[in-house]
>>> print(open('start_0.tsv').read())   # TSV, C-alpha atoms
chain	number	residue	atom	x	y	z
Y	31	MET	CA	89.48	77.73	156.24
Y	32	SER	CA	87.10	80.22	157.86
Y	33	PHE	CA	86.62	80.56	161.61
Y	34	ARG	CA	83.58	78.50	162.63
Y	35	ALA	CA	81.67	79.35	165.81
Y	36	THR	CA	78.92	77.22	167.32
Y	37	VAL	CA	76.99	78.63	170.27
Y	38	LEU	CA	74.79	76.49	172.51
Y	39	SER	CA	72.16	78.56	174.26
Y	40	LEU	CA	68.65	78.62	175.68
Y	41	TYR	CA	68.23	81.86	173.75
Y	42	PRO	CA	69.81	81.29	170.34
Y	43	GLU	CA	67.79	84.19	168.95
Y	44	MET	CA	70.30	86.49	170.68
Y	45	PHE	CA	72.77	85.56	167.92
Y	46	PRO	CA	74.28	86.94	165.79
Y	47	GLY	CA	72.86	90.15	167.30
Y	48	PRO	CA	75.51	92.89	167.15
Y	49	LEU	CA	77.88	90.50	165.39
Y	50	ASP	CA	75.80	91.00	162.25
Y	51	LEU	CA	76.81	94.66	162.11
Y	52	SER	CA	79.93	96.63	161.26
Y	53	LEU	CA	83.18	94.74	160.62
Y	54	ALA	CA	81.97	91.43	162.04
Y	55	GLY	CA	78.81	91.47	159.93
Y	56	LYS	CA	80.68	92.29	156.73
Y	57	ALA	CA	83.21	89.58	157.50
Y	58	ARG	CA	80.45	87.01	157.99
Y	59	GLU	CA	78.88	88.00	154.68
Y	60	ALA	CA	82.29	87.59	153.05
Y	61	GLY	CA	82.64	84.09	154.48
Y	62	LEU	CA	85.56	84.90	156.79
Y	63	TRP	CA	83.67	83.33	159.69
Y	64	SER	CA	80.42	81.49	160.30
Y	65	LEU	CA	78.02	81.17	163.20
Y	66	GLU	CA	75.60	78.44	164.22
Y	67	ALA	CA	73.32	79.10	167.21
Y	68	VAL	CA	71.83	75.92	168.66
Y	69	GLN	CA	68.86	75.59	171.02
Y	70	ILE	CA	69.84	73.45	174.01
Y	71	ARG	CA	66.22	72.47	174.72
Y	72	ASP	CA	66.15	70.53	171.46
Y	73	PHE	CA	68.25	67.89	173.22
Y	74	ALA	CA	66.01	67.49	176.26
Y	75	THR	CA	63.98	64.27	176.39
Y	76	SER	CA	61.28	65.18	178.92
Y	77	LYS	CA	57.79	66.26	177.95
Y	78	HIS	CA	58.45	69.85	178.94
Y	79	ARG	CA	61.99	69.87	177.53
Y	80	ASN	CA	63.59	70.49	180.93
Y	81	VAL	CA	67.28	71.35	180.84
Y	82	ASP	CA	67.80	71.93	184.57
Y	83	ASP	CA	67.11	70.41	187.97
Y	84	THR	CA	67.55	71.22	191.66
Y	85	PRO	CA	71.12	71.32	193.00
Y	86	ALA	CA	72.40	68.21	194.73
Y	87	GLY	CA	72.83	68.92	198.43
Y	88	GLY	CA	70.16	71.60	198.38
Y	89	GLY	CA	70.34	75.32	197.84
Y	90	ALA	CA	68.72	78.03	195.79
Y	91	GLY	CA	68.21	78.02	192.05
Y	92	MET	CA	68.62	75.34	189.44
Y	93	VAL	CA	71.57	73.62	187.75
Y	94	MET	CA	71.85	72.76	184.05
Y	95	ARG	CA	71.79	68.99	183.52
Y	96	ALA	CA	74.89	67.12	182.34
Y	97	ASP	CA	73.00	64.62	180.18
Y	98	VAL	CA	71.13	67.25	178.16
Y	99	LEU	CA	74.22	69.37	177.62
Y	100	ALA	CA	76.31	66.33	176.68
Y	101	ARG	CA	73.85	65.41	173.92
Y	102	ALA	CA	73.93	68.98	172.62
Y	103	LEU	CA	77.73	69.18	172.65
Y	104	ASP	CA	78.19	65.78	171.06
Y	105	HIS	CA	75.75	66.69	168.30
Y	106	VAL	CA	77.58	69.87	167.26
Y	107	ALA	CA	81.15	68.72	167.89
Y	108	GLY	CA	82.15	65.13	167.21
Y	109	PRO	CA	85.40	63.41	168.19
Y	110	GLN	CA	87.23	64.80	165.16
Y	111	ASP	CA	86.24	68.41	165.86
Y	112	ALA	CA	89.42	70.24	166.87
Y	113	ARG	CA	87.69	73.38	168.07
Y	114	PRO	CA	88.08	74.24	171.77
Y	115	LYS	CA	84.93	73.84	173.87
Y	116	LEU	CA	84.37	76.94	175.98
Y	117	LEU	CA	81.98	77.51	178.87
Y	118	MET	CA	81.25	81.14	179.65
Y	119	SER	CA	81.46	81.24	183.44
Y	120	PRO	CA	82.24	83.91	186.10
Y	121	ARG	CA	84.60	81.46	187.79
Y	122	GLY	CA	86.58	80.83	184.61
Y	123	ARG	CA	90.02	82.04	183.65
Y	124	PRO	CA	89.85	85.75	182.74
Y	125	LEU	CA	89.80	86.31	179.00
Y	126	ASP	CA	92.83	88.28	177.84
Y	127	GLN	CA	94.23	89.41	174.53
Y	128	GLY	CA	96.67	86.52	174.43
Y	129	ARG	CA	93.88	83.95	174.55
Y	130	VAL	CA	91.88	85.97	172.04
Y	131	ARG	CA	94.78	85.82	169.61
Y	132	GLN	CA	95.13	82.08	170.12
Y	133	LEU	CA	91.46	81.56	169.31
Y	134	ALA	CA	91.70	83.81	166.26
Y	135	THR	CA	94.43	81.61	164.77
Y	136	GLY	CA	92.42	78.41	165.29
Y	137	PRO	CA	89.55	76.73	163.45
Y	138	GLY	CA	86.83	78.26	165.64
Y	139	ALA	CA	85.13	77.54	168.94
Y	140	VAL	CA	82.18	75.75	170.48
Y	141	ILE	CA	80.71	78.02	173.15
Y	142	LEU	CA	78.30	76.86	175.83
Y	143	CYS	CA	76.26	79.62	177.46
Y	144	GLY	CA	75.38	78.74	181.03
Y	145	ARG	CA	72.26	79.85	182.87
Y	146	PHE	CA	70.73	79.53	186.34
Y	147	GLU	CA	73.22	78.54	189.07
Y	148	GLY	CA	75.60	76.96	186.61
Y	149	VAL	CA	76.44	73.67	184.90
Y	150	ASP	CA	76.81	70.20	186.42
Y	151	GLN	CA	80.51	69.80	187.17
Y	152	ARG	CA	80.54	66.31	185.69
Y	153	LEU	CA	79.73	67.73	182.26
Y	154	ILE	CA	82.62	70.21	182.53
Y	155	GLU	CA	85.03	67.41	183.34
Y	156	ALA	CA	83.65	64.81	180.93
Y	157	ARG	CA	83.78	67.14	177.93
Y	158	ALA	CA	86.94	68.99	178.99
Y	159	LEU	CA	85.27	72.40	178.88
Y	160	GLU	CA	87.48	75.47	179.23
Y	161	GLU	CA	85.77	77.90	181.58
Y	162	VAL	CA	86.18	81.52	180.45
Y	163	SER	CA	85.24	84.72	182.28
Y	164	ILE	CA	85.02	88.23	180.84
Y	165	GLY	CA	85.15	89.95	184.23
Y	166	ASP	CA	84.56	89.84	187.95
Y	167	TYR	CA	80.80	90.26	187.83
Y	168	VAL	CA	77.76	88.07	187.24
Y	169	LEU	CA	75.54	88.23	184.15
Y	170	SER	CA	72.08	86.76	183.70
Y	171	GLY	CA	73.58	84.20	181.35
Y	172	GLY	CA	76.57	83.36	179.20
Y	173	GLU	CA	75.17	84.87	176.01
Y	174	PRO	CA	76.44	88.46	176.47
Y	175	ALA	CA	79.84	87.07	177.43
Y	176	ALA	CA	79.89	84.88	174.31
Y	177	LEU	CA	79.13	87.92	172.15
Y	178	VAL	CA	82.04	89.79	173.76
Y	179	LEU	CA	84.43	86.90	173.22
Y	180	LEU	CA	83.42	86.45	169.59
Y	181	ASP	CA	83.66	90.16	168.86
Y	182	ALA	CA	87.20	90.25	170.26
Y	183	VAL	CA	88.23	87.22	168.20
Y	184	ILE	CA	86.53	88.07	164.91
Y	185	ARG	CA	88.14	91.47	164.54
Y	186	LEU	CA	91.56	89.75	164.58
Y	187	LEU	CA	90.75	87.30	161.80
Y	188	PRO	CA	92.75	87.88	158.61
Y	189	GLY	CA	90.94	90.28	156.29
Y	190	VAL	CA	88.48	91.65	158.86
Y	191	MET	CA	90.26	94.91	159.73
Y	192	GLY	CA	91.23	97.06	156.79
Y	193	ASN	CA	94.45	98.21	158.47
Y	194	GLU	CA	96.15	95.25	160.16
Y	195	GLN	CA	98.36	97.70	162.09
Y	196	SER	CA	95.25	98.89	163.97
Y	197	GLY	CA	95.16	95.63	165.89
Y	198	GLU	CA	98.83	95.83	166.81
Y	199	GLU	CA	98.75	99.26	168.48
Y	200	GLU	CA	95.73	98.81	170.75
Y	201	SER	CA	95.42	98.25	174.48
Y	202	PHE	CA	96.89	94.97	175.78
Y	203	GLU	CA	98.99	94.40	172.66
Y	204	GLY	CA	102.52	94.30	174.03
Y	205	GLY	CA	101.23	94.30	177.60
Y	206	LEU	CA	100.35	98.01	177.84
Y	207	LEU	CA	97.23	100.12	177.64
Y	208	GLU	CA	96.91	102.18	174.47
Y	209	HIS	CA	98.32	105.68	174.30
Y	210	PRO	CA	95.93	108.67	173.96
Y	211	GLN	CA	94.55	109.43	170.51
Y	212	TYR	CA	93.87	112.81	168.87
Y	213	THR	CA	92.44	114.13	165.61
Y	214	ARG	CA	91.08	117.38	164.09
Y	215	PRO	CA	90.23	120.06	165.08
Y	216	GLN	CA	93.69	121.07	166.20
Y	217	LEU	CA	92.18	123.14	169.03
Y	218	PHE	CA	89.14	121.91	170.98
Y	219	GLU	CA	87.79	124.06	173.81
Y	220	GLU	CA	91.27	125.60	174.25
Y	221	ARG	CA	92.82	122.12	174.41
Y	222	PRO	CA	95.47	121.66	171.68
Y	223	ILE	CA	96.80	118.46	170.17
Y	224	PRO	CA	100.22	117.73	171.73
Y	225	GLU	CA	102.84	119.42	169.58
Y	226	VAL	CA	104.96	116.29	169.21
Y	227	LEU	CA	102.16	114.62	167.23
Y	228	LEU	CA	102.25	117.46	164.71
Y	229	SER	CA	106.03	117.50	164.41
Y	230	GLY	CA	106.37	114.90	161.68
Y	231	ASN	CA	109.24	113.33	163.64
Y	232	HIS	CA	108.24	109.68	163.70
Y	233	ALA	CA	110.89	108.67	166.23
Y	234	LYS	CA	109.74	111.33	168.70
Y	235	ILE	CA	106.10	110.43	168.11
Y	236	ALA	CA	106.80	106.75	168.78
Y	237	ALA	CA	108.71	107.60	171.95
Y	238	TRP	CA	105.89	109.86	173.18
Y	239	ARG	CA	103.28	107.19	172.53
Y	240	ARG	CA	105.34	104.57	174.34
Y	241	ALA	CA	105.85	106.89	177.33
Y	242	GLU	CA	102.12	107.69	177.48
Y	243	ALA	CA	101.17	104.03	177.24
Y	244	GLU	CA	103.52	103.22	180.09
Y	245	ARG	CA	102.19	106.12	182.19
Y	246	LEU	CA	98.55	105.10	181.73
Y	247	THR	CA	99.28	101.47	182.44
Y	248	ARG	CA	101.25	102.33	185.58
Y	249	GLU	CA	98.45	104.61	186.87
Y	250	ARG	CA	95.39	102.59	185.90
Y	251	ARG	CA	96.47	98.96	185.79
Y	252	PRO	CA	99.25	98.22	188.28
Y	253	ASP	CA	98.69	94.50	187.63
Y	254	LEU	CA	99.52	94.91	183.94
Y	255	TRP	CA	102.41	97.23	184.79
Y	256	ALA	CA	103.91	94.66	187.14
Y	257	ALA	CA	103.60	91.93	184.49
Y	258	TYR	CA	105.09	94.24	181.84
Y	259	ARG	CA	108.10	94.98	184.05
Y	260	GLY	CA	108.45	91.33	184.94
Y	261	ASP	CA	107.85	91.85	188.64
Y	262	LYS	CA	107.60	88.69	190.68
Y	263	PRO	CA	104.68	88.34	193.10
Y	264	VAL	CA	105.67	88.53	196.74
>>> encode(input="start_0.tsv", output="structure tokens")
Amino acid sequence: MSFRATVLSLYPEMFPGPLDLSLAGKAREAGLWSLEAVQIRDFATSKHRNVDDTPAGGGAGMVMRADVLARALDHVAGPQDARPKLLMSPRGRPLDQGRVRQLATGPGAVILCGRFEGVDQRLIEARALEEVSIGDYVLSGGEPAALVLLDAVIRLLPGVMGNEQSGEEESFEGGLLEHPQYTRPQLFEERPIPEVLLSGNHAKIAAWRRAEAERLTRERRPDLWAAYRGDKPV
């Protein structure tokens, strides 16, 4: 069974976008995954196809309506659809490699791309949406975040990467950032490739890479380093 993604958006023309290129594009052509981009406005019932309204209690901006979004979600994912329903949201749980791997082993995902000031909370609760964030910043909408999530997941699908080991030695796999990488020329602007990498001693190379991954993680991501060491929060 191929991975099946359905994206609900006010701008479905943004998809597949970059996902139609490189490994993801070739994998879609090969049938390893599929994508359906759905226009949310098609499920509005007003003359002007309104999908939003003013926030209850007052305030700036507009809020996406629960009734319109419910019709859209129910149309693309019925009661028997086992795919998780995701809402791209800056207040969601941060997306990490562990969740990416979980999604990659599943049947796919239904992804709702929010806009404006957000989505009516009642819709989130009624349809058990999982709020997902790709970082501590605000985008103009959920579409770029959905593209990031799908790119991360698709590359892990069986048959997408030519060398499966590539996905096992990257940053966040095993809880560490990736070690530095080198290739020819052997000397670049008086900077040589570390001698251990040219030694042919696989045990020493593995030890060097592990030590470098630990060093980078300790220096750049103390949060990951603490989790890797099993530190308990104070």
>>> residues_around(input="start_0.tsv", residues="Leu116 in chain Y", least_positions_apart="5", cutoff="6 Å", atoms="all atoms listed in the file", output="ChimeraX atom specification")
/Y:141,159-161
>>> closest_atom_pairs(input="start_0.tsv", of="range 125-231 of chain Y", to="range 240-245 of chain Y", cutoff="9 Å", atoms="only C-alpha atoms", output="JSON lines")
{"residue": "Y:Ser201", "atom": "CA", "partner": "Y:Ala243", "partner_atom": "CA", "distance": 8.6}
{"residue": "Y:Leu206", "atom": "CA", "partner": "Y:Ala243", "partner_atom": "CA", "distance": 6.1}
{"residue": "Y:Leu207", "atom": "CA", "partner": "Y:Ala243", "partner_atom": "CA", "distance": 5.6}
{"residue": "Y:Glu208", "atom": "CA", "partner": "Y:Ala243", "partner_atom": "CA", "distance": 5.4}
{"residue": "Y:His209", "atom": "CA", "partner": "Y:Ala243", "partner_atom": "CA", "distance": 4.4}
{"residue": "Y:Pro210", "atom": "CA", "partner": "Y:Glu242", "partner_atom": "CA", "distance": 7.2}
>>> residues_around(input="start_0.tsv", residues="Met44 in chain Y", least_positions_apart="2", cutoff="10 Å", atoms="all atoms listed in the file", output="PyMOL selection string")
chain Y and resi 39-42+46-48+67+173-174+177
>>> atom_distance(input="start_0.tsv", atom1="CA of Arg185 in chain Y", atom2="CA of Ala57 in chain Y")
8.8 Å
>>> closest_residue(input="start_0.tsv", among="Y:Asp82, Y:Asp50, Y:Glu203, Y:Glu66", to="Phe33 in chain Y", atoms="only C-alpha atoms")
Y:Glu66
>>> residues_around(input="start_0.tsv", residues="Pro114 in chain Y", least_positions_apart="3", cutoff="10 Å", atoms="all atoms listed in the file", output="ChimeraX atom specification")
/Y:107,111,117,133,136-141,158-160
>>> write_last_selection(input="start_0.tsv", atoms="C-alpha atoms", output="CSV table (one decimal), keeping the file's coordinate frame")
chain,number,residue,atom,x,y,z
Y,107,ALA,CA,81.2,68.7,167.9
Y,111,ASP,CA,86.2,68.4,165.9
Y,117,LEU,CA,82.0,77.5,178.9
Y,133,LEU,CA,91.5,81.6,169.3
Y,136,GLY,CA,92.4,78.4,165.3
Y,137,PRO,CA,89.6,76.7,163.4
Y,138,GLY,CA,86.8,78.3,165.6
Y,139,ALA,CA,85.1,77.5,168.9
Y,140,VAL,CA,82.2,75.8,170.5
Y,141,ILE,CA,80.7,78.0,173.2
Y,158,ALA,CA,86.9,69.0,179.0
Y,159,LEU,CA,85.3,72.4,178.9
Y,160,GLU,CA,87.5,75.5,179.2
>>> closest_atom_pairs(input="start_0.tsv", of="range 202-258 of chain Y", to="range 124-132 of chain Y", cutoff="10 Å", atoms="only C-alpha atoms", output="Markdown table")
| residue | atom | partner | partner_atom | distance |
| --- | --- | --- | --- | --- |
| Y:Phe202 | CA | Y:Gln127 | CA | 6.3 |
| Y:Glu203 | CA | Y:Gln127 | CA | 7.1 |
| Y:Gly204 | CA | Y:Gln127 | CA | 9.6 |
| Y:Gly205 | CA | Y:Gln127 | CA | 9.1 |
>>> atom_distance(input="start_0.tsv", atom1="CA of Ile154 in chain Y", atom2="CA of Leu142 in chain Y")
10.4 Å
>>> atom_distance(input="start_0.tsv", atom1="CA of Ala100 in chain Y", atom2="CA of Glu147 in chain Y")
17.7 Å
>>> closest_residue(input="start_0.tsv", among="Y:Ala256, Y:Arg101, Y:Leu53, Y:Ala90", to="Ala74 in chain Y", atoms="only C-alpha atoms")
Y:Arg101
>>> closest_residue(input="start_0.tsv", among="Y:Ile223, Y:Met118, Y:Leu187, Y:Met92", to="Gly171 in chain Y", atoms="all atoms listed in the file")
Y:Met118
>>> closest_residue(input="start_0.tsv", among="Y:Ala60, Y:Leu99, Y:Met31, Y:Leu65", to="Gln151 in chain Y", atoms="all atoms listed in the file")
Y:Leu99
>>> residues_around(input="start_0.tsv", residues="Arg145 in chain Y", least_positions_apart="3", cutoff="7 Å", atoms="all atoms listed in the file", output="list in words")
Gly148, Ser170, Gly171 and Gly172 of chain Y
>>> residues_around(input="start_0.tsv", residues="Ser64 in chain Y", least_positions_apart="6", cutoff="7 Å", atoms="only C-alpha atoms", output="ChimeraX atom specification")
/Y:33-35,58
>>> residues_near_point(input="start_0.tsv", point="(93.7, 85.3, 158.3)", cutoff="9 Å", atoms="all atoms listed in the file", output="list of chain:residue names")
Y:Met31, Y:Ser32, Y:Leu62, Y:Ala134, Y:Thr135, Y:Leu186, Y:Leu187, Y:Pro188, Y:Gly189, Y:Val190
